Every structure is written in structure tokens, then in C-alpha cells.
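For reference, input_0.txt is printed below; it contains compact mmCIF, C-alpha atoms.
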# COMPACT_ATOMS: atom_id res chain seq x y z
CA MET A 1 -16.60 -3.82 -34.64
CA PRO A 2 -13.69 -2.12 -36.43
CA VAL A 3 -11.14 -4.55 -37.78
CA TYR A 4 -8.65 -1.82 -38.53
CA LYS A 5 -8.16 1.14 -36.23
CA PRO A 6 -5.91 3.71 -37.90
CA PRO A 7 -3.46 5.65 -35.72
CA GLU A 8 -4.54 9.24 -35.15
CA ILE A 9 -2.44 12.18 -36.23
CA PRO A 10 -0.17 13.16 -33.31
CA LEU A 11 -1.12 16.50 -31.80
CA ILE A 12 2.28 17.96 -32.63
CA LEU A 13 1.61 17.31 -36.32
CA THR A 14 -1.63 19.30 -36.42
CA ARG A 15 -2.19 22.81 -37.72
CA LYS A 16 -3.87 23.72 -34.44
CA TYR A 17 -0.74 22.90 -32.46
CA TRP A 18 1.46 24.71 -34.97
CA ASP A 19 -0.62 27.89 -34.81
CA SER A 20 -0.85 27.96 -31.02
CA SER A 21 2.61 26.81 -29.94
CA LYS A 22 4.42 29.36 -27.79
CA ASP A 23 7.75 27.66 -28.41
CA LEU A 24 7.90 28.77 -32.03
CA ASP A 25 9.28 32.10 -33.12
CA PRO A 26 6.50 34.12 -34.86
CA GLU A 27 8.69 35.12 -37.80
CA LEU A 28 9.83 31.55 -38.27
CA ARG A 29 6.22 30.39 -38.13
CA ALA A 30 5.22 32.85 -40.83
CA SER A 31 7.97 31.85 -43.25
CA SER A 32 7.97 28.09 -42.62
CA PRO A 33 6.59 25.58 -45.17
CA CYS A 34 5.25 23.55 -42.22
CA LYS A 35 1.88 25.29 -42.25
CA ASP A 36 1.15 24.19 -45.82
CA ALA A 37 2.56 20.70 -45.19
CA LEU A 38 0.39 20.22 -42.10
CA GLU A 39 -2.74 21.26 -44.01
CA LYS A 40 -1.95 18.77 -46.76
CA LEU A 41 -1.36 16.06 -44.17
CA ASP A 42 -4.78 16.65 -42.65
CA LYS A 43 -6.44 16.49 -46.07
CA ALA A 44 -4.54 13.33 -47.05
CA TYR A 45 -5.56 11.64 -43.79
CA THR A 46 -9.20 12.64 -44.25
CA ARG A 47 -9.26 11.30 -47.83
CA VAL A 48 -8.48 7.78 -46.65
CA ASP A 49 -11.94 6.41 -45.84
CA PHE A 50 -11.06 4.03 -43.01
CA LYS A 51 -14.76 3.65 -42.19
CA LYS A 52 -15.36 2.23 -45.67
CA LEU A 53 -12.46 -0.17 -45.15
CA ASN A 54 -13.99 -1.48 -41.93
CA VAL A 55 -17.42 -1.83 -43.54
CA PHE A 56 -15.77 -4.01 -46.18
CA LEU A 57 -13.83 -6.07 -43.64
CA ASN A 58 -16.95 -6.66 -41.51
CA ALA A 59 -19.33 -7.35 -44.39
CA THR A 60 -21.02 -10.72 -44.80
CA VAL A 61 -20.91 -12.00 -48.37
CA THR A 62 -23.70 -14.44 -49.23
CA TRP A 63 -23.79 -16.98 -52.04
CA ALA A 64 -26.74 -15.17 -53.62
CA LYS A 65 -24.64 -12.02 -54.08
CA TYR A 66 -21.30 -13.70 -54.69
CA ASP A 67 -19.50 -13.64 -58.01
CA PHE A 68 -15.88 -14.77 -58.03
CA SER A 69 -14.78 -12.43 -60.83
CA HIS A 70 -16.60 -9.41 -59.42
CA TRP A 71 -15.34 -10.17 -55.91
CA SER A 72 -11.74 -10.37 -57.11
CA LYS A 73 -12.11 -7.06 -58.94
CA GLU A 74 -13.70 -5.43 -55.90
CA CYS A 75 -10.75 -6.48 -53.74
CA ASP A 76 -8.24 -5.33 -56.38
CA ASP A 77 -9.99 -1.97 -56.70
CA LEU A 78 -10.08 -1.57 -52.94
CA CYS A 79 -6.34 -2.25 -52.68
CA LYS A 80 -5.74 0.42 -55.29
CA GLU A 81 -8.04 2.88 -53.54
CA PHE A 82 -6.56 2.43 -50.08
CA ILE A 83 -2.93 1.85 -51.02
CA VAL A 84 -2.08 3.58 -54.29
CA ASN A 85 -4.52 6.47 -53.89
CA GLY A 86 -4.71 6.45 -50.09
CA VAL A 87 -1.95 5.28 -47.80
CA MET A 88 0.84 6.03 -50.27
CA ASP A 89 -0.35 9.63 -50.61
CA LEU A 90 -0.70 9.86 -46.85
CA ARG A 91 2.86 8.62 -46.34
CA VAL A 92 4.13 11.28 -48.75
CA ALA A 93 2.21 13.97 -46.85
CA ILE A 94 3.66 12.79 -43.51
CA LYS A 95 7.19 12.71 -44.89
CA ASN A 96 6.73 16.22 -46.31
CA VAL A 97 5.88 17.51 -42.85
CA GLY A 98 9.10 16.00 -41.55
CA LEU A 99 11.10 17.57 -44.39
CA ALA A 100 9.45 20.94 -43.78
CA ALA A 101 10.31 20.74 -40.09
CA VAL A 102 13.96 19.95 -40.87
CA ALA A 103 14.16 22.79 -43.41
CA THR A 104 12.66 25.21 -40.91
CA GLU A 105 15.04 24.04 -38.20
CA LYS A 106 18.00 24.95 -40.41
CA LYS A 107 16.66 28.50 -40.69
CA ALA A 108 16.25 28.86 -36.95
CA GLY A 109 19.02 30.75 -35.17
CA LYS A 110 21.24 28.92 -32.72
CA LYS A 111 19.85 31.04 -29.92
CA ASP A 112 16.26 30.05 -30.79
CA LYS A 113 16.48 26.82 -28.80
CA ASP A 114 12.74 26.50 -28.17
CA SER A 115 11.95 26.56 -31.89
CA VAL A 116 14.71 24.08 -32.66
CA VAL A 117 13.50 21.66 -29.99
CA LEU A 118 9.93 21.86 -31.28
CA LEU A 119 10.94 21.35 -34.89
CA LYS A 120 13.13 18.37 -33.97
CA LYS A 121 10.15 16.85 -32.16
CA MET A 122 7.98 17.42 -35.24
CA ALA A 123 10.51 15.75 -37.51
CA LYS A 124 10.79 12.80 -35.10
CA ALA A 125 6.99 12.52 -34.79
CA ALA A 126 6.62 12.51 -38.59
CA ASP A 127 9.28 9.82 -38.90
CA ASP A 128 7.52 7.65 -36.31
CA PHE A 129 4.05 8.33 -37.70
CA VAL A 130 4.86 7.31 -41.28
CA LYS A 131 6.06 3.92 -40.01
CA GLU A 132 2.56 3.25 -38.65
CA PHE A 133 1.05 3.34 -42.14
CA ARG A 134 2.45 0.35 -43.98
CA PRO A 135 0.75 -0.34 -47.34
CA GLU A 136 1.38 -4.05 -46.93
CA ASP A 137 -0.64 -4.11 -43.71
CA ILE A 138 -3.72 -2.70 -45.47
CA GLU A 139 -3.33 -5.06 -48.40
CA LYS A 140 -2.90 -8.00 -46.02
CA LEU A 141 -6.25 -7.20 -44.39
CA ILE A 142 -8.04 -6.89 -47.74
CA ARG A 143 -6.49 -10.06 -49.14
CA ALA A 144 -7.29 -11.96 -45.95
CA LYS A 145 -10.95 -10.96 -46.34
CA GLU A 146 -10.85 -11.94 -50.01
CA SER A 147 -9.42 -15.35 -49.14
CA GLU A 148 -11.86 -15.84 -46.27
CA VAL A 149 -14.86 -15.23 -48.52
CA ASN A 150 -13.47 -17.34 -51.37
CA THR A 151 -12.82 -20.22 -48.98
CA ALA A 152 -16.34 -20.03 -47.57
CA MET A 153 -17.90 -19.77 -51.03
CA HIS A 154 -15.78 -22.66 -52.32
CA ALA A 155 -17.01 -24.82 -49.45
CA PHE A 156 -20.59 -23.81 -50.28
CA ALA A 157 -20.08 -24.38 -54.01
CA SER A 158 -18.57 -27.83 -53.33
CA ARG A 159 -21.61 -28.89 -51.32
CA PRO A 160 -23.82 -29.85 -54.32
CA GLY A 161 -21.11 -32.19 -55.59
CA ASP A 162 -20.92 -33.80 -52.17
CA VAL A 163 -24.71 -34.10 -52.12
CA VAL A 164 -24.73 -35.75 -55.54
CA ARG A 165 -22.15 -38.31 -54.45
CA GLN A 166 -24.17 -39.07 -51.31
CA LEU A 167 -27.38 -39.44 -53.30
CA LEU A 168 -25.88 -41.80 -55.85
CA ALA A 169 -25.55 -44.70 -53.40
CA LYS A 170 -29.08 -44.18 -52.06
CA ALA A 171 -30.54 -43.88 -55.54
CA LYS A 172 -28.84 -47.06 -56.77
CA THR A 173 -30.19 -49.00 -53.80
CA ALA A 174 -33.71 -47.69 -54.43
CA ALA A 175 -33.40 -48.39 -58.16
CA ALA A 176 -32.32 -51.99 -57.55
CA ALA A 177 -35.40 -52.59 -55.39
CA LEU A 178 -37.68 -51.00 -57.99
CA MET A 179 -36.27 -53.19 -60.76
CA LYS A 180 -37.60 -56.20 -58.82
CA HIS A 181 -40.91 -54.54 -57.88
CA PRO A 182 -41.79 -51.71 -60.34
CA ASP A 183 -44.41 -49.97 -58.19
CA PRO A 184 -45.29 -46.36 -59.25
CA ALA A 185 -46.13 -45.27 -55.69
CA ILE A 186 -42.77 -46.51 -54.40
CA PHE A 187 -41.01 -44.89 -57.36
CA ASN A 188 -42.61 -41.53 -56.60
CA LYS A 189 -41.75 -41.79 -52.91
CA THR A 190 -38.16 -43.00 -53.12
CA LEU A 191 -36.90 -41.68 -56.46
CA GLY A 192 -39.51 -39.38 -57.91
CA HIS A 193 -41.07 -36.16 -56.70
CA GLY A 194 -42.29 -37.15 -53.25
CA SER A 195 -41.07 -35.52 -50.04
CA ALA A 196 -38.22 -38.03 -49.88
CA GLY A 197 -37.67 -38.19 -53.65
CA LEU A 198 -34.05 -38.31 -54.68
CA VAL A 199 -34.83 -36.86 -58.12
CA GLN A 200 -35.75 -33.50 -56.63
CA ALA A 201 -32.59 -33.42 -54.54
CA LEU A 202 -30.51 -34.25 -57.62
CA VAL A 203 -32.21 -31.51 -59.63
CA GLN A 204 -31.41 -28.93 -56.95
CA ALA A 205 -27.79 -30.05 -56.62
CA THR A 206 -27.02 -30.30 -60.34
CA SER A 207 -28.81 -27.00 -61.05
CA MET A 208 -26.49 -25.26 -58.61
CA MET A 209 -23.47 -26.94 -60.21
CA ALA A 210 -24.67 -25.73 -63.60
CA GLN A 211 -24.79 -22.14 -62.32
CA MET A 212 -21.08 -22.01 -61.42
CA PRO A 213 -20.03 -20.13 -64.60
CA ASP A 214 -22.72 -17.54 -63.83
CA LYS A 215 -20.90 -16.97 -60.55
CA GLY A 216 -17.62 -16.40 -62.35
CA ILE A 217 -16.44 -19.86 -61.25
CA SER A 218 -14.82 -22.18 -63.75
CA TYR A 219 -16.37 -25.65 -63.54
CA GLU A 220 -15.81 -28.24 -66.25
CA GLY A 221 -18.94 -30.18 -65.37
CA ALA A 222 -21.37 -27.25 -65.64
CA GLY A 223 -22.75 -28.29 -69.03
CA ALA A 224 -23.27 -31.92 -68.05
CA ALA A 225 -24.85 -30.88 -64.74
CA ARG A 226 -27.24 -28.59 -66.62
CA ASN A 227 -28.32 -31.44 -68.91
CA ILE A 228 -28.90 -33.78 -65.98
CA ALA A 229 -30.96 -31.17 -64.15
CA LYS A 230 -33.00 -30.46 -67.29
CA VAL A 231 -33.84 -34.12 -67.89
CA LEU A 232 -34.73 -34.86 -64.28
CA ALA A 233 -36.74 -31.65 -63.85
CA ALA A 234 -38.87 -32.61 -66.88
CA MET A 235 -39.94 -35.87 -65.23
CA LYS A 236 -43.48 -36.01 -63.87
CA PRO A 237 -44.75 -38.07 -60.94
CA LEU A 238 -46.07 -41.42 -62.13
CA PRO A 239 -49.86 -41.75 -61.88
CA ASP A 240 -51.35 -44.34 -59.56
CA GLY A 241 -51.75 -47.62 -61.37
CA ALA A 242 -49.04 -46.83 -63.94
CA ALA A 243 -47.93 -49.88 -65.89
CA GLU A 244 -44.72 -51.64 -64.94
CA ALA A 245 -43.30 -50.71 -68.34
CA ASP A 246 -43.79 -47.00 -67.54
CA VAL A 247 -42.09 -47.45 -64.16
CA ILE A 248 -39.15 -49.22 -65.81
CA LYS A 249 -38.93 -46.48 -68.45
CA ALA A 250 -38.81 -43.75 -65.82
CA LEU A 251 -36.35 -45.79 -63.81
CA LYS A 252 -34.00 -46.10 -66.81
CA ILE A 253 -34.05 -42.32 -67.27
CA VAL A 254 -33.07 -41.87 -63.64
CA LEU A 255 -30.34 -44.50 -63.88
CA THR A 256 -28.92 -42.85 -67.01
CA CYS A 257 -28.81 -39.51 -65.21
CA LEU A 258 -27.20 -41.17 -62.19
CA GLY A 259 -24.53 -42.58 -64.44
CA GLU A 260 -23.82 -39.13 -65.87
CA ALA A 261 -23.88 -37.57 -62.39
CA ALA A 262 -21.26 -40.06 -61.24
CA LYS A 263 -18.90 -38.66 -63.90
CA LEU A 264 -19.23 -35.04 -62.76
CA PRO A 265 -15.79 -33.72 -61.73
CA LYS A 266 -15.08 -32.22 -58.34
CA LEU A 267 -14.88 -28.46 -58.12
CA LYS A 268 -11.30 -27.21 -58.22
CA THR A 269 -10.07 -24.57 -55.82
CA PHE A 270 -10.65 -21.09 -57.17
Rewritten as C-alpha cells:
Amino acid sequence: MPVYKPPEIPLILTRKYWDSSKDLDPELRASSPCKDALEKLDKAYTRVDFKKLNVFLNATVTWAKYDFSHWSKECDDLCKEFIVNGVMDLRVAIKNVGLAAVATEKKAGKKDKDSVVLLKKMAKAADDFVKEFRPEDIEKLIRAKESEVNTAMHAFASRPGDVVRQLLAKAKTAAAALMKHPDPAIFNKTLGHGSAGLVQALVQATSMMAQMPDKGISYEGAGAARNIAKVLAAMKPLPDGAAEADVIKALKIVLTCLGEAAKLPKLKTF
């Protein structure tokens, strides 16, 4: 559904109305600058791609396609396109119609009341119409969309950090139990690469944290998160019957990574 519905050009400010109006003196019509001004108004209105604006405002931005820097530039470019090169030009074209109507009115004879009335209506319509196109309204819509997406992406980007903090407590509990009973099967199931393994969950979370700079997001812990993910991802499931020493060795690697994960900073608002 359209988020922004632009006001349509009033009938009295169209070339069709100007050419067909019976209230306007033919000689005045022929010499008036209104014809040219009305044509330019129509072109300026057509150049503003309001459909493109609504496509942008209705678009769903996913994490896979999101890049903070690119998104910011897209919003900046869109503001420039619709405000500097769009609405501002349109406002000038509307005002020029009003000025042309006033200039033509001054040329009209006092006895030509019908022409004067029409031209006054045109000038008034142009004055009212230009007020409906406020650059700040367009920018507000674009910036609101920019903020909405950034807020949603920030929440998504913060999720791995929350996951890591949730996993730390579980992993420490599992590690404490394994220190007393170094069983490879239990290690694989609770900490290692089993369906409930916390190592896999930590790899996924820290890998995403490491990718923040690739998304144009500044994150101080990206390097540390990448190292943690690399170490944990390199671990292999312990074979059945693995010696207690091997279980303890693997456990120490996990505990070291947990210690580093606990130091990872929270993601700042971007």
C-alpha cells in the first residue's frame, strides 16, 4: 500500500483547462506566459517518481542484503533525488505558474472580468498547491524508514551477543560437570558438535559478530569474535573411548574461548 500519496495537480492548473476555458480572452491566452509555465509544471510533476518513493518506503530490508554504510548512502541519495532534484524543482514550477497568472492578470483590461477572476483563481490555486509539497515531509518519511530499518538491523545484530551471554552460563555448568567426569560422549553432546552442542552455537554467534565490519557496522569485538569462531570451528568431535586427557584438553580450549567470549563488548547503537 502507498505510504505517500502525492496531491494531484488541480484541474485549474492544467494545460487542458487553460486551453479550453471559455472565461479567458483569446488574445490574452495567446500572449500569456501561463501556457509555458503550465507545461513546465506538468513535466516537473511527472519527473518526481512517487511510485519509486513508495516502493522504497514499503520495501523489506533483510539482514542478508543489509549494509549500514550502503543503506545510509541510499537514503541520502534518495533525499537528494526527491527533494533537491524533485520537490524543490516542482515547487519552483508551481510558483512560476502563480507568477505567470499574476502577470497576465495585470495585462487584462478592467472590463475583462471573467479573465481576471480566472487568473486570480489560478494564482490562488498555485499558492495553495505549493504548500502541499513540503520538502521536510518527504525527508521525514525517508529518514523514518532509514531509522526503522537501522533499529531492526541493530536488534538483529545484537542478538548474537545476547546468545553468547546466554550460552556462557550453560557452558560453564557443563564444563564443571565434565571436569569431574571427563566423558567424551557427554562432551560431544553438551559442549561439542552434537545436536545440543554449545560449541556450534558459539561458532554461529561469534561468526556473525565477526562479520559486522563487512556490514558497514563498527564493532570493536569483531577481531576477537573471529578468533574465537576460528578456534571453536576447528575442533572435531571426540572419538568414542577418547582418553580423559584428551577430553580435558578439549575442555580447556572451550573454557579459554568462553573466557574470551565473556570479554566481547556489546554492540553500540549505529
(request) Tell me which protein, DNA and RNA residues are within 12 Å of Ser20 in chain A, counting all atoms listed in the file, leaving out same-chain ones fewer than 6 positions away, and put them as number ranges by chain. (result) A: 11-12, 14, 26, 29, 35
(request) Write out as a ChimeraX atom specification which residues come within 7 Å of range 212-215 of chain A when counting all atoms listed in the file, dropping same-chain ones fewer than 5 positions away. (result) /A:66-68,222
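Non-sequential neighbours of Ala243 in chain A (distance at most 12 Å, separation of 2 or more positions within a chain, all atoms listed in the file) are His181, Pro182, Asp183, Pro184, Ala185, Leu238, Pro239, Asp240, Gly241, Ala245, Asp246, Val247, Ile248, Lys249 and Ala250 of chain A.
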(request) Enter the distance from CA of Glu139 in chain A to CA of Phe270 in chain A, in Å, rounded to one decimal. (result) 19.7 Å
(message) Given all atoms listed in the file as the basis, pick out the residue of A:Arg165, A:Lys145, A:Lys124, A:Lys95 nearest to Ala59 in chain A.
(response) A:Lys145
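Closest approach to Ser218 in chain A among A:Leu28, A:Val84, A:Leu99, A:Leu267 is made by A:Leu267 (distances from only C-alpha atoms).
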(message) Env of range 87-91 of chain A: 12 Å cut, atoms = all atoms listed in the file, seq-sep filter 3 positions within chain, self excluded. Answer as a PyMOL selection string.
(response) chain A and resi 6+9+37-50+78-84+94-98+126-139
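For Thr62 in chain A, the list of residues within 9 Å, based on all atoms listed in the file and with local chain neighbours fewer than 3 positions off taken out, reads Lys65, Tyr66, Val149 and Met153 of chain A.
Between CA of Val92 in chain A and CA of Asp25 in chain A there is a distance of 26.5 Å.
The space between CA of Ala64 in chain A and CA of Ser147 in chain A spans 17.9 Å.
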(message) Measuring between only C-alpha atoms, which one of A:Val163, A:Met122, A:Met179, A:Ile142 shows the shortest distance to Lys73 in chain A?
(response) A:Ile142
How big is the axis-aligned box around the listed atoms of range 98-117 of chain A once 4 Å is added on each side, and where is its centre? Give both in Å to one decimal, as AutoDock Vina command-line options.
--center_x 15.2 --center_y 23.5 --center_z -36.3 --size_x 20.1 --size_y 23.0 --size_z 24.2
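Each of A:Ile186, A:Val199, A:Cys257, A:Ala210 was checked against Glu244 in chain A using all atoms listed in the file; the smallest atom-to-atom distance is that of A:Ile186.
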(message) So, with only C-alpha atoms as the atoms that count, which of A:Met208, A:Leu202, A:Lys170, A:Ser158 lies closest to Lys266 in chain A?
(response)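 Residue with the minimum atom-to-atom distance to Lys266 in chain A: A:Ser158.
Considering the residues A:Glu27, A:Glu74, A:Asp162, A:Glu146 and counting all atoms listed in the file, Leu264 in chain A has its shortest atom-to-atom contact with A:Asp162.
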